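See structure below.
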2 protein chains.
Amino acid sequence: MAATFVPKLLDDCGSCPIRQRAVCARCEPDELQHLEQIKYYRSFEAGQTVIWSGDRMDFVASVVTGVATLTQTMEDGRRQMVGLLLPSDFVGRPGRGSASYDVTAATDMVMCCFRRKPFEDLLLSTPHVAQRLLEMTLDELDAAREWLLLLGRKTALERIASLLVIIARRRAALGSTSAGGAVVFDLPLTREQMADYLGLTLETVSRKMTDLRQKGMITIAGNRRVTITDLDALAAVTGDDSDGPAVGQPVPGPMRRYAKGGA
Amino acid sequence: MAATFVPKLLDDCGSCPIRQRAVCARCEPDELQHLEQIKYYRSFEAGQTVIWSGDRMDFVASVVTGVATLTQTMEDGRRQMVGLLLPSDFVGRPGRGSASYDVTAATDMVMCCFRRKPFEDLLLSTPHVAQRLLEMTLDELDAAREWLLLLGRKTALERIASLLVIIARRRAALGSTSAGGAVVFDLPLTREQMADYLGLTLETVSRKMTDLRQKGMITIAGNRRVTITDLDALAAVTGDDSDGPAVGQPVPGPMRRYAKGGA
DNA sequence: CGCCTCTTTGAAGAAGGTCAAGCACGGTGG
DNA sequence: CCACCGTGCTTGACCTTCTTCAAAGAGGCG
């Protein structure tokens with residue numbers, strides 16, 4: 001129930017699980033010491049709100065363990081996720097004193113927080129933090145642009161497959177057990193949260209998950225535990241041209257007006 | 001026909017129209033001199049491709065005049081715009097030697113290019129360029145997240161209204177003639193390009209533009225020249241809660257399952 | 001003046017959304 | 001240890017929005 005959080009183990013950045021990927025990744029020992037002076041840990045339980053959009057935000061942070069979401073909500077309640085924060089991801093914007101989005105813990109979570117003002121000073125004084133932050137922000141922008149393609153042009157089935165592949169790949173990058181073909185992981189999101197990510201309804205998410213299951217591409221145990229039978233096969237359903245083309249999986253709807261290019 | 005391009009006038013950064021907003025905005029005179037040594041201008045005609053996704057890219061650049069687009073294309077031809085670059089916007093990613101997206105001139109355009117390697121060196125040596133680039137990248141990320149909401153949750157009419165407001169506001173920021181209520185500008189995009197931005201088909205764009213015209217919110221002259229009769233009224237159609245709420249403009253479809261929030 | 005491209009408009013169809021039950025897993029208490 | 005309960009998930013029937021296919025209209029440039 002309570003967040004499994006052992007701050008004692010983390011007081012030393014050297015043993016931090018996200019040390020190599022977070023905003024501090026490039027820091028020299030002396031810079032790290034500086035960071036350690038302004039850092040503190042906060043833990044959240046699944047479902048807890050970290051901060052509401054518009055609220056005063058006096059810190060920035062790294063996700064250490066767990067998963068958080070950034071969401072935007074329209075006045076009538078329509079909701080769109082605009083960020084999915086996995087371990088090592090950065091929260092908050094230097095130079096801005098209020099939150100732009102709702103930040104919510106999707107799972108039990110631990111964040112490594114830095115008071116904002118000292119962190120901003122650090123950005124000006126230690127280039128390695130600023131450089132890493134720029135790099136991470138550019139990565140996030142690339143991810144957001146992939147996301148635009150997903151929301152703008154992909155079918156519901158392609159969206160689901162894309163999300164599963166994204167999660168599977170990020171899990172693998174963090175060093176989980178991903179055997180050759182099959183990948184197993186616990187979904188950090190409910191169907192509704194998946195829908196918010198994908199620009200769909202939870203019913204459509206459910207239906208298309210069922211489709212993938214019936215096609216033998218995934219198995220689902222207890223709603224959350226997903227086994228991807230064959231990651232490459234699933235990747236072929238995403239519509240992306242990563243390695244092997246998605247040929248043989250003809251696109252349901254649109255098959256026209258694609259003679260463009262025009263050099 | 002040919003790009004109206006007067007590089008002579010721009011050799012001096014002091015007279016550059018985007019001097020205050022571009023990646024060089026924070027530069028001191030000596031830093032600017034350094035930039036001037038590695039810069040060169042390129043001009044493009046409307047429709048020309050600046051670079052193809054995947055191609056080698058040995059420069060980064062700022063848009064000086066005109067409009068460019070970043071687009072992603074799926075194998076079957078589905079296309080989604082993922083960036084709309086107006087004057088002062090930045091093109092290219094430091095540290096990456098190839099283009100991630102197709103870059104196309106939507107109008108006649110002039111770009112101020114910097115050779116990539118020297119620019120990357122500059123990022124490490126002159127903090128003002130790196131700081132400004134981080135700020136601009138964060139702004140782009142925010143814009144991308146607004147775009148995610150648009151593609152994920154907005155109706156076709158809301159999307160059109162949103163795009164018109166975005167263009168109108170950016171034009172105003174660059175100091176065009178925006179009288180109190182009415183705003184006039186030339187659309188820098190064809191219906192098809194608007195559709196690529198909005199995740200719609202060009203037919204739907206055309207239909208909804210007609211709807212806005214019939215509602216008296218805009219007038220259209222010669223396909224491209226748009227007059228926004230009342231910017232605030234149009235903003236109310238976007239679904240955003242900027243100033244005045246969008247009440248009184250009930251959302252067509254979804255009116256349920258919005259009881260969330262959960263503190 | 002005429003071609004060409006871009007745009008508009010119409011009619012039919014499909015993907016996904018909406019509303020409404022019913023199901024299942026996991027946790028709780030008897 | 002097992003029945004109960006609640007939240008989250010699945011499934012069904014119907015409907016709306018947007019897409020698809022098709023054709024005609026308008027603006028711009030040669």
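Scheme for the structure tokens: letters A, B, ... for chains in order shown; per-chain residue numbers from 1; ligand numbers from 1 in order shown.
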Residues of chain A were defined as contacting chain C if any atom lay at most 9 Å from it, counting only C-alpha atoms (C1' of nucleotides); please report them as a PDB file with N, CA, C and O atoms, in the first residue's frame.
```pdb
ATOM      1  N   THR A 155      -4.497   4.400 -36.573  1.00  0.00           N
ATOM      2  CA  THR A 155      -5.750   3.751 -36.194  1.00  0.00           C
ATOM      3  C   THR A 155      -5.680   3.330 -34.726  1.00  0.00           C
ATOM      4  O   THR A 155      -4.606   3.327 -34.120  1.00  0.00           O
ATOM      5  N   ALA A 156      -6.832   2.984 -34.183  1.00  0.00           N
ATOM      6  CA  ALA A 156      -6.884   2.599 -32.778  1.00  0.00           C
ATOM      7  C   ALA A 156      -5.952   1.416 -32.500  1.00  0.00           C
ATOM      8  O   ALA A 156      -5.216   1.405 -31.507  1.00  0.00           O
ATOM      9  N   LEU A 200      -8.266   8.011 -27.195  1.00  0.00           N
ATOM     10  CA  LEU A 200      -9.387   7.108 -27.465  1.00  0.00           C
ATOM     11  C   LEU A 200     -10.288   7.070 -26.240  1.00  0.00           C
ATOM     12  O   LEU A 200     -10.045   7.776 -25.258  1.00  0.00           O
ATOM     13  N   THR A 201     -11.338   6.245 -26.291  1.00  0.00           N
ATOM     14  CA  THR A 201     -12.134   5.979 -25.099  1.00  0.00           C
ATOM     15  C   THR A 201     -11.645   4.683 -24.487  1.00  0.00           C
ATOM     16  O   THR A 201     -11.012   3.854 -25.163  1.00  0.00           O
ATOM     17  N   GLU A 203     -13.377   2.177 -23.708  1.00  0.00           N
ATOM     18  CA  GLU A 203     -14.024   1.046 -24.370  1.00  0.00           C
ATOM     19  C   GLU A 203     -13.253   0.614 -25.616  1.00  0.00           C
ATOM     20  O   GLU A 203     -13.054  -0.577 -25.857  1.00  0.00           O
ATOM     21  N   THR A 204     -12.842   1.594 -26.398  1.00  0.00           N
ATOM     22  CA  THR A 204     -12.084   1.257 -27.606  1.00  0.00           C
ATOM     23  C   THR A 204     -10.748   0.613 -27.246  1.00  0.00           C
ATOM     24  O   THR A 204     -10.308  -0.344 -27.891  1.00  0.00           O
ATOM     25  N   GLY A 222      -4.818 -10.937 -15.404  1.00  0.00           N
ATOM     26  CA  GLY A 222      -5.207 -10.051 -14.315  1.00  0.00           C
ATOM     27  C   GLY A 222      -5.252  -8.587 -14.679  1.00  0.00           C
ATOM     28  O   GLY A 222      -4.933  -7.753 -13.848  1.00  0.00           O
ATOM     29  N   ASN A 223      -5.649  -8.293 -15.881  1.00  0.00           N
ATOM     30  CA  ASN A 223      -5.832  -6.911 -16.342  1.00  0.00           C
ATOM     31  C   ASN A 223      -4.538  -6.142 -16.579  1.00  0.00           C
ATOM     32  O   ASN A 223      -4.457  -5.311 -17.471  1.00  0.00           O
ATOM     33  N   GLY A 253      -8.286   1.519 -43.143  1.00  0.00           N
ATOM     34  CA  GLY A 253      -9.025   2.561 -43.828  1.00  0.00           C
ATOM     35  C   GLY A 253      -8.317   3.174 -45.023  1.00  0.00           C
ATOM     36  O   GLY A 253      -8.485   2.736 -46.167  1.00  0.00           O
TER      37      GLY A 253
END
```
Interface rows for range 129-248 of chain A against range 108-125 of chain A: nearest pair, Å to one decimal, 9 Å, only C-alpha atoms, as CSV:
```
residue,atom,partner,partner_atom,distance
A:Val129,CA,A:Leu123,CA,6.0
A:Ala130,CA,A:Leu123,CA,5.1
A:Gln131,CA,A:Leu123,CA,8.7
A:Leu133,CA,A:Leu123,CA,8.9
```
Export, as an mmCIF file, in the first residue's frame, the selected residues with C-alpha atoms.
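part-v8.cif was written with the following content:
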```cif
data_model
loop_
_atom_site.group_PDB
_atom_site.id
_atom_site.type_symbol
_atom_site.label_atom_id
_atom_site.label_comp_id
_atom_site.auth_asym_id
_atom_site.auth_seq_id
_atom_site.Cartn_x
_atom_site.Cartn_y
_atom_site.Cartn_z
ATOM 1 C CA VAL A 129 23.392 20.013 -15.903
ATOM 2 C CA ALA A 130 22.192 22.472 -18.525
ATOM 3 C CA GLN A 131 23.647 20.388 -21.335
ATOM 4 C CA LEU A 133 18.682 19.035 -19.614
#
```
List every residue of chain A that has an atom at most 8 Å from any atom of chain D, giving for each one its closest atom pair and the distance in Å to one decimal, counting only C-alpha atoms (C1' of nucleotides), sorted by chain and then by ascending residue number, as CSV.
```
residue,atom,partner,partner_atom,distance
A:Thr190,CA,D:DG8,C1',7.9
A:Arg191,CA,D:DC9,C1',7.8
A:Ser206,CA,D:DT10,C1',6.8
A:Arg207,CA,D:DT10,C1',7.7
A:Asn223,CA,D:DC9,C1',7.4
A:Pro254,CA,D:DT20,C1',7.9
```
Check which residues of chain A sit at most 6 Å from chain B using only C-alpha atoms, and return one row each with the closest pair of atoms and their distance in Å to one decimal, ordered by chain and rising number, as CSV.
```
residue,atom,partner,partner_atom,distance
A:Gly77,CA,B:Tyr258,CA,4.6
A:Gln80,CA,B:Leu149,CA,5.6
A:Val82,CA,B:Arg145,CA,5.5
A:Leu134,CA,B:Leu134,CA,5.4
A:Leu141,CA,B:Leu141,CA,5.5
A:Arg145,CA,B:Val82,CA,5.5
A:Leu148,CA,B:Leu148,CA,6.0
A:Leu149,CA,B:Gln80,CA,5.6
A:Leu151,CA,B:Gly152,CA,5.5
A:Gly152,CA,B:Gly199,CA,4.2
A:Gly199,CA,B:Gly152,CA,4.2
A:Tyr258,CA,B:Gly77,CA,4.8
```
**OP:** Please provide as a list in words all residues within 10 Å of Leu86 in chain B, with the sequence filter that same-chain residues fewer than 6 positions apart are discarded (counting only C-alpha atoms (C1' of nucleotides)).
**Re:** Ser62, Val63, Val64, Thr65, Gly66, Val67, Ala68, Thr69, Met109, Ile167, Arg170, Arg171, Leu174 and Pro188 of chain B
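The residue set within 8 Å of Ile51 in chain A, counting only C-alpha atoms (C1' of nucleotides) and dropping same-chain residues fewer than 4 places from it, reads A:Asp55, A:Met57, A:Ala99, A:Asp102, A:Val103, A:Thr104.
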Subject >> Filtered DSSP result for range 30-111 of chain B, state strand (DSSP E or B), as a VMD selection string >> reply: chain B and resid 39 to 44 49 to 51 56 59 to 65 68 to 73 79 to 85 90 to 91 98 102 to 105 109 to 111
